[in-house]
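Colleague: Just one file: upload_18.cif, with mmCIF, C-alpha atoms.
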```
data_input
loop_
_atom_site.label_atom_id
_atom_site.label_comp_id
_atom_site.auth_asym_id
_atom_site.auth_seq_id
_atom_site.Cartn_x
_atom_site.Cartn_y
_atom_site.Cartn_z
CA MET M 970 15.39 24.64 -2.88
CA SER M 971 18.50 23.69 -0.93
CA SER M 972 20.53 21.41 -3.19
CA SER M 973 23.88 22.20 -1.56
CA PHE M 974 25.52 20.71 1.54
CA GLY M 975 28.70 21.60 3.41
CA THR M 976 30.64 24.73 4.35
CA LEU M 977 34.23 24.56 3.07
CA LEU M 978 33.81 21.25 1.27
CA ARG M 979 30.51 21.87 -0.48
CA VAL M 980 28.53 19.62 -2.80
CA THR M 981 25.65 20.70 -5.03
CA THR M 982 23.61 18.00 -6.77
CA PHE M 983 21.45 18.50 -9.84
CA GLY M 984 19.01 16.63 -12.09
CA GLU M 985 15.68 14.80 -11.97
CA SER M 986 15.00 11.07 -12.01
CA HIS M 987 13.74 11.03 -15.62
CA GLY M 988 15.57 14.09 -16.95
CA ARG M 989 18.56 13.97 -19.28
CA ALA M 990 21.18 13.61 -16.55
CA VAL M 991 22.01 13.87 -12.87
CA GLY M 992 25.25 14.82 -11.18
CA ALA M 993 27.10 17.02 -8.74
CA VAL M 994 29.59 19.84 -8.35
CA LEU M 995 32.09 19.42 -5.51
CA ASP M 996 33.81 22.63 -4.45
CA GLY M 997 36.60 23.13 -1.92
CA LEU M 998 38.59 19.94 -2.39
CA PRO M 999 42.32 20.72 -2.22
CA ALA M 1000 44.48 20.50 -5.32
CA GLY M 1001 46.82 17.64 -6.09
CA LEU M 1002 44.66 14.57 -5.47
CA ALA M 1003 45.17 11.88 -8.10
CA LEU M 1004 41.66 11.37 -9.46
CA GLY M 1005 40.10 9.59 -12.41
CA GLU M 1006 36.62 8.51 -13.34
CA ALA M 1007 37.38 4.93 -12.24
CA ASP M 1008 37.85 6.16 -8.66
CA ILE M 1009 34.28 7.45 -8.69
CA GLN M 1010 32.76 4.67 -10.76
CA ALA M 1011 33.53 1.98 -8.18
CA GLN M 1012 31.12 3.52 -5.67
CA LEU M 1013 28.50 4.34 -8.31
CA ASP M 1014 28.51 0.68 -9.36
CA ARG M 1015 27.63 -0.26 -5.78
CA ARG M 1016 24.69 2.18 -5.86
CA ARG M 1017 23.35 1.59 -9.35
CA PRO M 1018 20.03 -0.17 -10.05
CA GLY M 1019 19.80 -3.64 -11.57
CA GLN M 1020 22.91 -4.98 -9.83
CA SER M 1021 21.11 -8.01 -8.32
CA THR M 1022 17.69 -9.65 -8.02
CA LEU M 1023 17.23 -7.76 -4.74
CA THR M 1024 17.03 -4.37 -6.46
CA THR M 1025 14.91 -2.53 -9.00
CA ASP M 1026 15.18 -3.81 -12.58
CA ARG M 1027 15.75 -0.32 -13.99
CA SER M 1028 18.79 -0.80 -16.22
CA GLU M 1029 21.31 2.01 -15.86
CA VAL M 1030 25.09 1.80 -16.30
CA ASP M 1031 25.47 5.08 -14.38
CA GLN M 1032 28.71 5.93 -16.17
CA VAL M 1033 30.27 9.06 -14.66
CA ARG M 1034 32.03 11.78 -16.63
CA ILE M 1035 34.26 14.37 -14.99
CA LEU M 1036 33.60 17.71 -16.67
CA SER M 1037 35.90 20.06 -14.75
CA GLY M 1038 38.30 20.43 -11.85
CA VAL M 1039 40.75 17.70 -12.92
CA ASP M 1040 43.69 18.08 -15.30
CA HIS M 1041 46.15 15.33 -16.25
CA GLY M 1042 44.71 13.15 -13.51
CA ARG M 1043 45.09 15.66 -10.65
CA THR M 1044 42.54 17.88 -8.93
CA LEU M 1045 43.06 21.58 -9.54
CA GLY M 1046 41.44 22.88 -6.37
CA THR M 1047 38.63 24.26 -8.52
CA PRO M 1048 35.01 22.93 -8.64
CA ILE M 1049 34.81 19.30 -9.75
CA ALA M 1050 31.73 18.78 -11.93
CA MET M 1051 30.49 15.23 -12.55
CA ARG M 1052 27.64 14.06 -14.76
CA VAL M 1053 25.77 10.77 -15.23
CA GLU M 1054 23.25 10.40 -18.05
CA ASN M 1055 19.82 8.86 -17.52
CA ARG M 1056 19.28 6.19 -20.19
CA ASP M 1057 16.52 3.80 -19.11
CA GLN M 1058 13.73 6.36 -18.88
CA ARG M 1059 10.08 5.33 -18.82
CA PRO M 1060 8.04 8.47 -18.13
CA GLY M 1061 4.92 6.65 -19.31
CA ASP M 1062 4.99 4.59 -16.11
CA TYR M 1063 4.00 7.70 -14.19
CA GLY M 1064 0.97 8.96 -16.09
CA GLU M 1065 -1.35 8.62 -13.11
CA MET M 1066 0.77 11.09 -11.15
CA ASP M 1067 -0.93 13.92 -13.05
CA THR M 1068 -4.17 13.23 -11.22
CA VAL M 1069 -3.39 11.02 -8.20
CA PRO M 1070 -0.68 11.72 -5.62
CA ARG M 1071 1.11 8.48 -4.73
CA PRO M 1072 0.79 7.50 -1.05
CA SER M 1073 3.86 8.43 1.05
CA HIS M 1074 5.63 10.00 -1.95
CA ALA M 1075 6.55 13.64 -2.43
CA ASP M 1076 4.08 14.26 -5.28
CA TYR M 1077 1.59 16.20 -3.14
CA THR M 1078 4.08 18.12 -1.00
CA TYR M 1079 6.16 19.26 -3.99
CA ARG M 1080 3.02 20.55 -5.71
CA VAL M 1081 1.96 22.40 -2.57
CA LYS M 1082 5.39 24.01 -2.16
CA TYR M 1083 6.27 24.87 -5.77
CA GLY M 1084 2.93 24.83 -7.58
CA ILE M 1085 4.39 22.31 -10.02
CA ALA M 1086 6.02 18.87 -9.86
CA ALA M 1087 8.12 16.70 -12.17
CA SER M 1088 5.83 14.96 -14.66
CA SER M 1089 7.49 11.57 -14.21
CA GLY M 1090 9.25 9.78 -11.37
CA GLY M 1091 9.94 11.62 -8.15
CA GLY M 1092 11.97 14.43 -9.71
CA ARG M 1093 14.40 15.76 -7.13
CA ALA M 1094 12.72 13.60 -4.47
CA SER M 1095 13.76 10.43 -6.30
CA ALA M 1096 16.61 8.32 -4.95
CA ARG M 1097 18.29 8.86 -8.33
CA GLU M 1098 19.33 12.25 -6.99
CA THR M 1099 21.79 10.38 -4.73
CA ILE M 1100 24.04 9.62 -7.71
CA GLY M 1101 25.54 13.08 -7.31
CA ARG M 1102 26.09 12.50 -3.60
CA VAL M 1103 27.84 9.19 -4.21
CA ALA M 1104 30.07 10.69 -6.90
CA ALA M 1105 31.10 13.60 -4.69
CA GLY M 1106 31.44 11.35 -1.67
CA ALA M 1107 33.73 8.99 -3.59
CA VAL M 1108 36.09 11.89 -4.24
CA ALA M 1109 36.02 12.99 -0.60
CA ASP M 1110 36.48 9.38 0.51
CA LYS M 1111 39.64 8.99 -1.59
CA TRP M 1112 41.07 12.25 -0.24
CA LEU M 1113 40.36 11.23 3.38
CA ARG M 1114 41.81 7.76 2.93
CA GLU M 1115 45.02 8.84 1.19
CA ASN M 1116 45.77 11.93 3.28
CA PHE M 1117 44.50 10.97 6.73
CA GLY M 1118 44.09 7.19 6.70
CA ILE M 1119 40.37 7.52 7.40
CA ASP M 1120 38.40 4.39 6.54
CA ILE M 1121 34.61 4.44 6.16
CA VAL M 1122 32.60 1.21 5.93
CA ALA M 1123 28.81 0.88 5.97
CA TRP M 1124 26.80 -2.33 5.95
CA VAL M 1125 23.24 -3.64 6.24
CA THR M 1126 22.58 -4.62 9.83
CA THR M 1127 18.78 -5.10 9.70
CA VAL M 1128 16.12 -5.96 7.12
CA GLY M 1129 12.61 -6.10 8.53
CA ASP M 1130 12.86 -8.13 11.74
CA ILE M 1131 16.11 -9.90 10.70
CA ALA M 1132 19.16 -8.40 12.45
CA ALA M 1133 22.84 -9.24 12.12
CA PRO M 1134 24.90 -10.14 15.21
CA ASN M 1135 27.56 -7.80 16.57
CA LEU M 1136 30.55 -7.64 14.23
CA ASN M 1137 34.24 -6.89 14.67
CA LEU M 1138 34.36 -3.23 13.63
CA GLU M 1139 38.15 -3.22 13.47
CA THR M 1140 38.35 -5.73 10.62
CA LEU M 1141 35.11 -5.02 8.75
CA SER M 1142 35.78 -4.12 5.11
CA ARG M 1143 33.84 -3.13 2.01
CA GLN M 1144 34.95 -6.40 0.45
CA SER M 1145 33.29 -8.43 3.21
CA VAL M 1146 30.17 -6.26 2.97
CA ASP M 1147 29.92 -6.78 -0.80
CA ALA M 1148 30.42 -10.54 -0.57
CA HIS M 1149 26.62 -10.94 -0.60
CA PRO M 1150 24.03 -8.86 -2.55
CA ALA M 1151 22.22 -8.09 0.72
CA ARG M 1152 25.40 -6.26 1.83
CA CYS M 1153 25.39 -7.86 5.26
CA PRO M 1154 28.86 -9.23 6.14
CA ASP M 1155 27.43 -12.10 8.21
CA PRO M 1156 26.75 -14.84 5.59
CA LYS M 1157 23.92 -16.63 7.42
CA THR M 1158 22.08 -13.40 8.19
CA ALA M 1159 22.63 -12.14 4.63
CA ALA M 1160 20.99 -15.27 3.23
CA ARG M 1161 17.95 -14.80 5.47
CA MET M 1162 17.71 -11.13 4.48
CA ALA M 1163 17.81 -12.06 0.80
CA GLU M 1164 15.02 -14.59 1.29
CA LEU M 1165 12.86 -11.98 3.00
CA ILE M 1166 13.48 -9.36 0.30
CA ALA M 1167 12.68 -11.89 -2.42
CA ALA M 1168 9.44 -12.88 -0.66
CA VAL M 1169 8.42 -9.25 -0.27
CA ARG M 1170 9.15 -8.58 -3.93
CA GLU M 1171 7.05 -11.58 -4.96
CA ALA M 1172 4.21 -10.21 -2.84
CA LYS M 1173 4.55 -6.83 -4.64
CA ASP M 1174 5.25 -5.19 -1.30
CA SER M 1175 8.32 -3.59 0.34
CA VAL M 1176 10.31 -3.76 3.58
CA GLY M 1177 12.57 -1.39 5.52
CA GLY M 1178 15.91 -1.85 7.22
CA ILE M 1179 18.91 -0.29 8.96
CA VAL M 1180 22.35 0.60 7.64
CA ALA M 1181 25.20 0.87 10.15
CA CYS M 1182 28.47 2.68 9.53
CA VAL M 1183 31.90 2.85 11.16
CA CYS M 1184 34.42 5.60 10.44
CA ARG M 1185 37.89 4.55 11.60
CA ASN M 1186 41.00 6.69 12.23
CA VAL M 1187 39.04 9.93 12.45
CA PRO M 1188 41.26 12.36 14.39
CA ALA M 1189 40.15 13.89 17.66
CA GLY M 1190 39.02 17.52 17.64
CA LEU M 1191 36.62 17.62 14.69
CA GLY M 1192 33.22 19.26 15.12
CA GLU M 1193 31.92 22.83 15.48
CA PRO M 1194 29.83 23.28 18.64
CA VAL M 1195 27.21 24.19 19.33
CA PHE M 1196 24.98 24.01 16.26
CA ASP M 1197 27.42 22.26 13.93
CA LYS M 1198 28.32 19.46 16.31
CA PHE M 1199 29.80 16.46 14.53
CA GLU M 1200 26.81 14.23 15.25
CA ALA M 1201 24.37 17.02 14.33
CA LEU M 1202 25.91 17.32 10.87
CA LEU M 1203 25.93 13.54 10.49
CA ALA M 1204 22.25 13.44 11.43
CA GLN M 1205 21.40 16.16 8.90
CA ALA M 1206 23.41 14.38 6.20
CA MET M 1207 21.85 10.98 6.82
CA LEU M 1208 18.28 12.18 7.26
CA SER M 1209 18.55 14.04 3.94
CA ILE M 1210 18.89 10.67 2.17
CA PRO M 1211 15.60 9.58 0.54
CA ALA M 1212 13.64 7.09 2.69
CA ALA M 1213 15.75 7.75 5.82
CA LYS M 1214 13.54 7.94 8.91
CA GLY M 1215 15.88 7.69 11.88
CA PHE M 1216 19.45 8.31 13.04
CA GLU M 1217 21.32 7.23 16.15
CA ILE M 1218 24.96 7.32 17.15
CA GLY M 1219 26.85 5.15 19.61
CA SER M 1220 24.42 3.66 22.10
CA GLY M 1221 21.63 5.72 20.51
CA PHE M 1222 18.16 5.22 21.90
CA ALA M 1223 19.39 2.34 24.06
CA ALA M 1224 21.11 4.97 26.24
CA ALA M 1225 17.71 6.03 27.54
CA ARG M 1226 17.45 2.65 29.31
CA MET M 1227 20.97 2.72 30.78
CA ARG M 1228 22.50 4.22 33.91
CA GLY M 1229 25.39 6.64 33.79
CA SER M 1230 27.61 4.26 35.67
CA VAL M 1231 27.21 1.80 32.80
CA HIS M 1232 27.02 4.23 29.89
CA ASN M 1233 30.06 6.39 30.72
CA ASP M 1234 33.21 5.70 28.66
CA PRO M 1235 36.22 5.62 31.03
CA PHE M 1236 39.47 7.07 29.66
CA ILE M 1237 42.52 4.86 29.24
CA GLU M 1238 45.96 5.21 27.68
CA LYS M 1239 46.17 3.92 24.10
CA SER M 1240 49.54 3.90 22.40
CA GLY M 1241 50.57 7.30 23.71
CA ARG M 1242 47.17 8.98 23.51
CA LEU M 1243 44.01 9.09 25.57
CA GLY M 1244 41.27 6.74 24.45
CA THR M 1245 38.17 5.19 25.96
CA ALA M 1246 37.64 1.68 27.29
CA THR M 1247 34.14 1.55 25.80
CA ASN M 1248 32.51 3.52 22.98
CA HIS M 1249 28.93 4.22 23.99
CA SER M 1250 29.56 7.78 22.80
CA GLY M 1251 30.09 6.53 19.26
CA GLY M 1252 33.36 8.43 18.87
CA ILE M 1253 31.92 11.88 19.60
CA GLN M 1254 31.69 13.75 22.91
CA GLY M 1255 30.41 17.30 23.27
CA GLY M 1256 29.92 17.43 19.52
CA ILE M 1257 33.65 16.83 18.91
CA SER M 1258 35.38 13.64 17.76
CA ASN M 1259 37.42 11.95 20.50
CA GLY M 1260 39.62 9.71 18.33
CA GLU M 1261 37.56 6.55 18.78
CA PRO M 1262 35.72 4.95 15.83
CA ILE M 1263 32.59 6.87 14.90
CA VAL M 1264 29.69 4.40 14.83
CA PHE M 1265 26.14 5.28 13.80
CA ARG M 1266 23.01 3.76 12.29
CA VAL M 1267 20.41 5.00 9.81
CA ALA M 1268 16.88 3.58 9.63
CA PHE M 1269 15.17 3.41 6.23
CA LYS M 1270 11.44 3.01 5.68
CA PRO M 1271 9.90 0.49 3.28
CA PRO M 1272 9.93 1.95 -0.26
CA ALA M 1273 6.71 3.85 -0.88
CA THR M 1274 6.30 2.46 -4.41
CA ILE M 1275 4.65 -0.96 -4.24
CA GLY M 1276 2.84 -3.13 -6.77
CA LEU M 1277 -0.28 -3.67 -4.67
CA PRO M 1278 -3.42 -1.61 -5.38
CA GLN M 1279 -3.84 1.23 -2.89
CA GLU M 1280 -7.06 3.03 -2.09
CA THR M 1281 -6.47 6.78 -1.99
CA VAL M 1282 -7.91 9.99 -3.50
CA ASP M 1283 -7.01 12.16 -6.47
CA TYR M 1284 -6.06 15.84 -6.26
CA GLN M 1285 -9.76 16.72 -6.24
CA GLY M 1286 -10.40 14.52 -3.23
CA ARG M 1287 -12.29 11.87 -5.23
CA PRO M 1288 -11.72 8.19 -4.38
CA ALA M 1289 -9.15 6.48 -6.58
CA THR M 1290 -7.32 3.18 -6.78
CA LEU M 1291 -3.62 3.45 -7.51
CA GLU M 1292 -1.53 0.54 -8.75
CA ALA M 1293 2.02 1.71 -9.32
CA ARG M 1294 3.79 0.66 -12.52
CA GLY M 1295 7.11 2.36 -11.78
CA ARG M 1296 10.14 0.19 -11.09
CA HIS M 1297 11.28 0.12 -7.51
CA ASP M 1298 13.44 -1.62 -4.93
CA PRO M 1299 11.58 -3.96 -2.57
CA CYS M 1300 14.15 -2.85 0.03
CA VAL M 1301 16.48 0.13 -0.32
CA VAL M 1302 19.13 -0.71 2.27
CA PRO M 1303 21.54 -2.77 0.09
CA ARG M 1304 21.89 0.15 -2.34
CA ALA M 1305 21.88 2.73 0.48
CA VAL M 1306 25.24 1.48 1.79
CA PRO M 1307 27.45 3.59 -0.55
CA ILE M 1308 25.14 6.59 -0.07
CA VAL M 1309 25.66 6.48 3.68
CA GLU M 1310 29.41 6.18 3.16
CA ALA M 1311 29.37 9.13 0.76
CA MET M 1312 27.52 11.45 3.12
CA ALA M 1313 29.81 10.47 6.01
CA ALA M 1314 32.87 11.28 3.88
CA LEU M 1315 31.45 14.67 2.92
CA VAL M 1316 30.77 15.55 6.56
CA ILE M 1317 34.22 14.45 7.76
CA GLY M 1318 35.99 16.16 4.87
CA ASP M 1319 34.22 19.44 5.55
CA LEU M 1320 35.02 19.30 9.27
CA ILE M 1321 38.70 18.58 8.58
CA LEU M 1322 38.93 21.66 6.35
CA ARG M 1323 37.16 23.73 9.01
CA GLN M 1324 39.59 22.51 11.67
CA GLN M 1325 42.56 23.21 9.39
CA ALA M 1326 41.24 26.76 8.93
CA ARG M 1327 41.79 27.21 12.68
CA GLY M 1328 45.46 26.45 12.16
CA ARG M 1329 45.16 23.27 14.24
#
```
Go ahead and express the file in the form of structure tokens.

Modeller:
Amino acid sequence: MSSSFGTLLRVTTFGESHGRAVGAVLDGLPAGLALGEADIQAQLDRRRPGQSTLTTDRSEVDQVRILSGVDHGRTLGTPIAMRVENRDQRPGDYGEMDTVPRPSHADYTYRVKYGIAASSGGGRASARETIGRVAAGAVADKWLRENFGIDIVAWVTTVGDIAAPNLNLETLSRQSVDAHPARCPDPKTAARMAELIAAVREAKDSVGGIVACVCRNVPAGLGEPVFDKFEALLAQAMLSIPAAKGFEIGSGFAAARMRGSVHNDPFIEKSGRLGTATNHSGGIQGGISNGEPIVFRVAFKPPATIGLPQETVDYQGRPATLEARGRHDPCVVPRAVPIVEAMAALVIGDLILRQQARGR
């Protein structure tokens, strides 16, 4: 199993959804960063369950503990281990998993691959695994912000068929994103999204959505062509998030309907450096950052766990009716926002260290 991501800045996550704990080990972060548990906790609080009526009612405080790599409030340059205990465990909610694979979950595929699967919850396939990512990403995010001025902000841009209007990406902040539980910074759209999520929850169903992200002040020159292009690593990072089904950067799939004369980003002078008049490229050209804001979107499917009865078969192929009792989000995108930010920070941090290794 591949539970590690990154080259020079490398994160390894551990733990199952209903095990004793989950967490991560972050290796490669330079020494000297002022770091405490509160720096990490802020992002975990944005990810944790039970934070609003739009999320699962699983009650977890998700309190992080730093086990190594920090001394007297400063990173040592050694592996930073972080742990979060699982407290609100209900393995009894998953008894039917022993005989019936849940539709669109990983129960069947994990059994096929390993010959065994976690007896409760989704195990490593559960979104609870992302706690380790968010913890490690929070550390990388702080390092990027304080040493390079890099600012990463993600937000909910679509829930179902409700989409937010274009926003000012220069002024967008995490504070404006968090002003509404739907995590859409446009108040009117956020209210409509919340109504849809509430209606879906009442119907015991689920709905998908899209999270957008902007990474500002990323220096030009990052990315390792040809197979570790900047956007290729972002795509791998984002598509590794549970429930992620699509990734696009800049103009994305809309580029297929455009002409080159419209899509090309002309170069202009910007405060003593070259920049582009438009940003259809999304801040990356030829797999290398060009100094413009990096803008991408991640599509998330409707959560597979729903409260409605589903006709399926058991592991023997016999007809079965499954009615899930496990707690779940009716829509994952509000809680996915800090996960997307975390994975973006880990990618950027790794590419900065790789560029520094070139002596550039």

Colleague: Using the chain letters and numbers from the file, which residues does the PyMOL selection byres ((chain M and resi 985) around 7) grab, as a VMD selection string?

Modeller: chain M and resid 984 986 to 988 991 1092 to 1093 1098

Colleague: Please expand the PyMOL selection byres ((chain M and resi 1186-1202) around 7) into the concrete residues it hits in this file, giving the result as a short mmCIF file (atom, residue, chain, number, x, y, z; two decimals) with C-alpha atoms, in the frame of the given file.

Modeller:
```cif
data_model
loop_
_atom_site.label_atom_id
_atom_site.label_comp_id
_atom_site.auth_asym_id
_atom_site.auth_seq_id
_atom_site.Cartn_x
_atom_site.Cartn_y
_atom_site.Cartn_z
CA GLY M 1118 44.09 7.19 6.70
CA ILE M 1119 40.37 7.52 7.40
CA ASP M 1120 38.40 4.39 6.54
CA CYS M 1184 34.42 5.60 10.44
CA ARG M 1185 37.89 4.55 11.60
CA LEU M 1203 25.93 13.54 10.49
CA ALA M 1204 22.25 13.44 11.43
CA GLN M 1205 21.40 16.16 8.90
CA ALA M 1206 23.41 14.38 6.20
CA GLY M 1256 29.92 17.43 19.52
CA ILE M 1257 33.65 16.83 18.91
CA SER M 1258 35.38 13.64 17.76
CA ASN M 1259 37.42 11.95 20.50
CA GLY M 1260 39.62 9.71 18.33
CA PRO M 1262 35.72 4.95 15.83
CA VAL M 1316 30.77 15.55 6.56
CA LEU M 1320 35.02 19.30 9.27
CA ILE M 1321 38.70 18.58 8.58
CA GLN M 1324 39.59 22.51 11.67
#
```

Colleague: Find the residues with any atom within 7 Å of (33.6, 6.0, 29.2); use all atoms listed in the file and the coordinates as given in the file, and write the answer as a ChimeraX atom specification.

Modeller: /M:1232-1236,1245-1248

Colleague: Counting only C-alpha atoms, which residues of segment 1172-1288 of chain M fall within 12 Å of segment 1156-1163 of chain M, and what is the closest atom pair for each with its distance in Å at one decimal, ordered by chain and rising number, as JSON lines?

Modeller:
```
{"residue": "M:Val1176", "atom": "CA", "partner": "M:Met1162", "partner_atom": "CA", "distance": 10.5}
{"residue": "M:Gly1177", "atom": "CA", "partner": "M:Met1162", "partner_atom": "CA", "distance": 11.1}
{"residue": "M:Gly1178", "atom": "CA", "partner": "M:Met1162", "partner_atom": "CA", "distance": 9.8}
{"residue": "M:Ile1179", "atom": "CA", "partner": "M:Met1162", "partner_atom": "CA", "distance": 11.8}
```

Colleague: If the PyMOL selection byres ((chain M and resi 1112-1115) around 9) were run on this exact file, what residues would it hold? Put them as a PyMOL selection string.

Modeller: chain M and resi 998-999+1002-1003+1107-1111+1116-1121+1314+1317-1318

Colleague: At what distance in Å, to one decimal, does atom CA of Pro1154 of chain M lie from atom CA of Val1125 of chain M?

Modeller: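 So the two atoms, atom CA of Val1125 of chain M and atom CA of Pro1154 of chain M, lie 7.9 Å apart.
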
Colleague: Pick out the closest residue to Thr1022 of chain M from this set: M:Ala1268, M:Val1180, M:Leu1291, M:Ala1151. Count all atoms listed in the file.

Modeller: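 Between M:Ala1268, M:Val1180, M:Leu1291, M:Ala1151, the residue approaching Thr1022 of chain M most closely is M:Ala1151.
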
Colleague: Pick out the closest residue to Thr1047 of chain M from this set: M:Arg979, M:His1149, M:Lys1214, M:Arg1097. Count all atoms listed in the file.

Modeller: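 Of M:Arg979, M:His1149, M:Lys1214, M:Arg1097, the one nearest Thr1047 of chain M, counting all atoms listed in the file, is M:Arg979.
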
Colleague: Please check which residues have atoms at most 9 Å from (40.7, 9.9, -14.3) in the file's coordinates, counting all atoms listed in the file, and write them as a list in words.

Modeller: Ala1003, Leu1004, Gly1005, Glu1006, Ala1007, Asp1008, Ile1009, Ile1035, Val1039, Asp1040, His1041, Gly1042 and Arg1043 of chain M

Colleague: Skip Ser1145 of chain M itself and residues of its chain fewer than 3 positions away, then list as a list in words all residues within 12 Å of it, counting all atoms listed in the file.

Modeller: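 Listed by chain and then number, they are Val1122, Ala1123, Trp1124, Val1125, Leu1136, Asn1137, Leu1138, Thr1140, Leu1141, Ser1142, Ala1148, His1149, Pro1150, Ala1151, Arg1152, Cys1153, Pro1154, Asp1155, Pro1156 and Ala1159 of chain M.
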
Colleague: What does the distance from atom CA of Ile1275 of chain M to atom CA of Glu1292 of chain M come to in Å, to one decimal?

Modeller: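 If I compute the distance from atom CA of Ile1275 of chain M to atom CA of Glu1292 of chain M, I get 7.8 Å.
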
Colleague: Between M:Gly1286, M:Gly992, M:Pro1070, M:Gly1129, which one has atoms that come closest to Ser1175 of chain M, using all atoms listed in the file?

Modeller: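 Looking only at the distances to Ser1175 of chain M, the closest residue turns out to be M:Gly1129.
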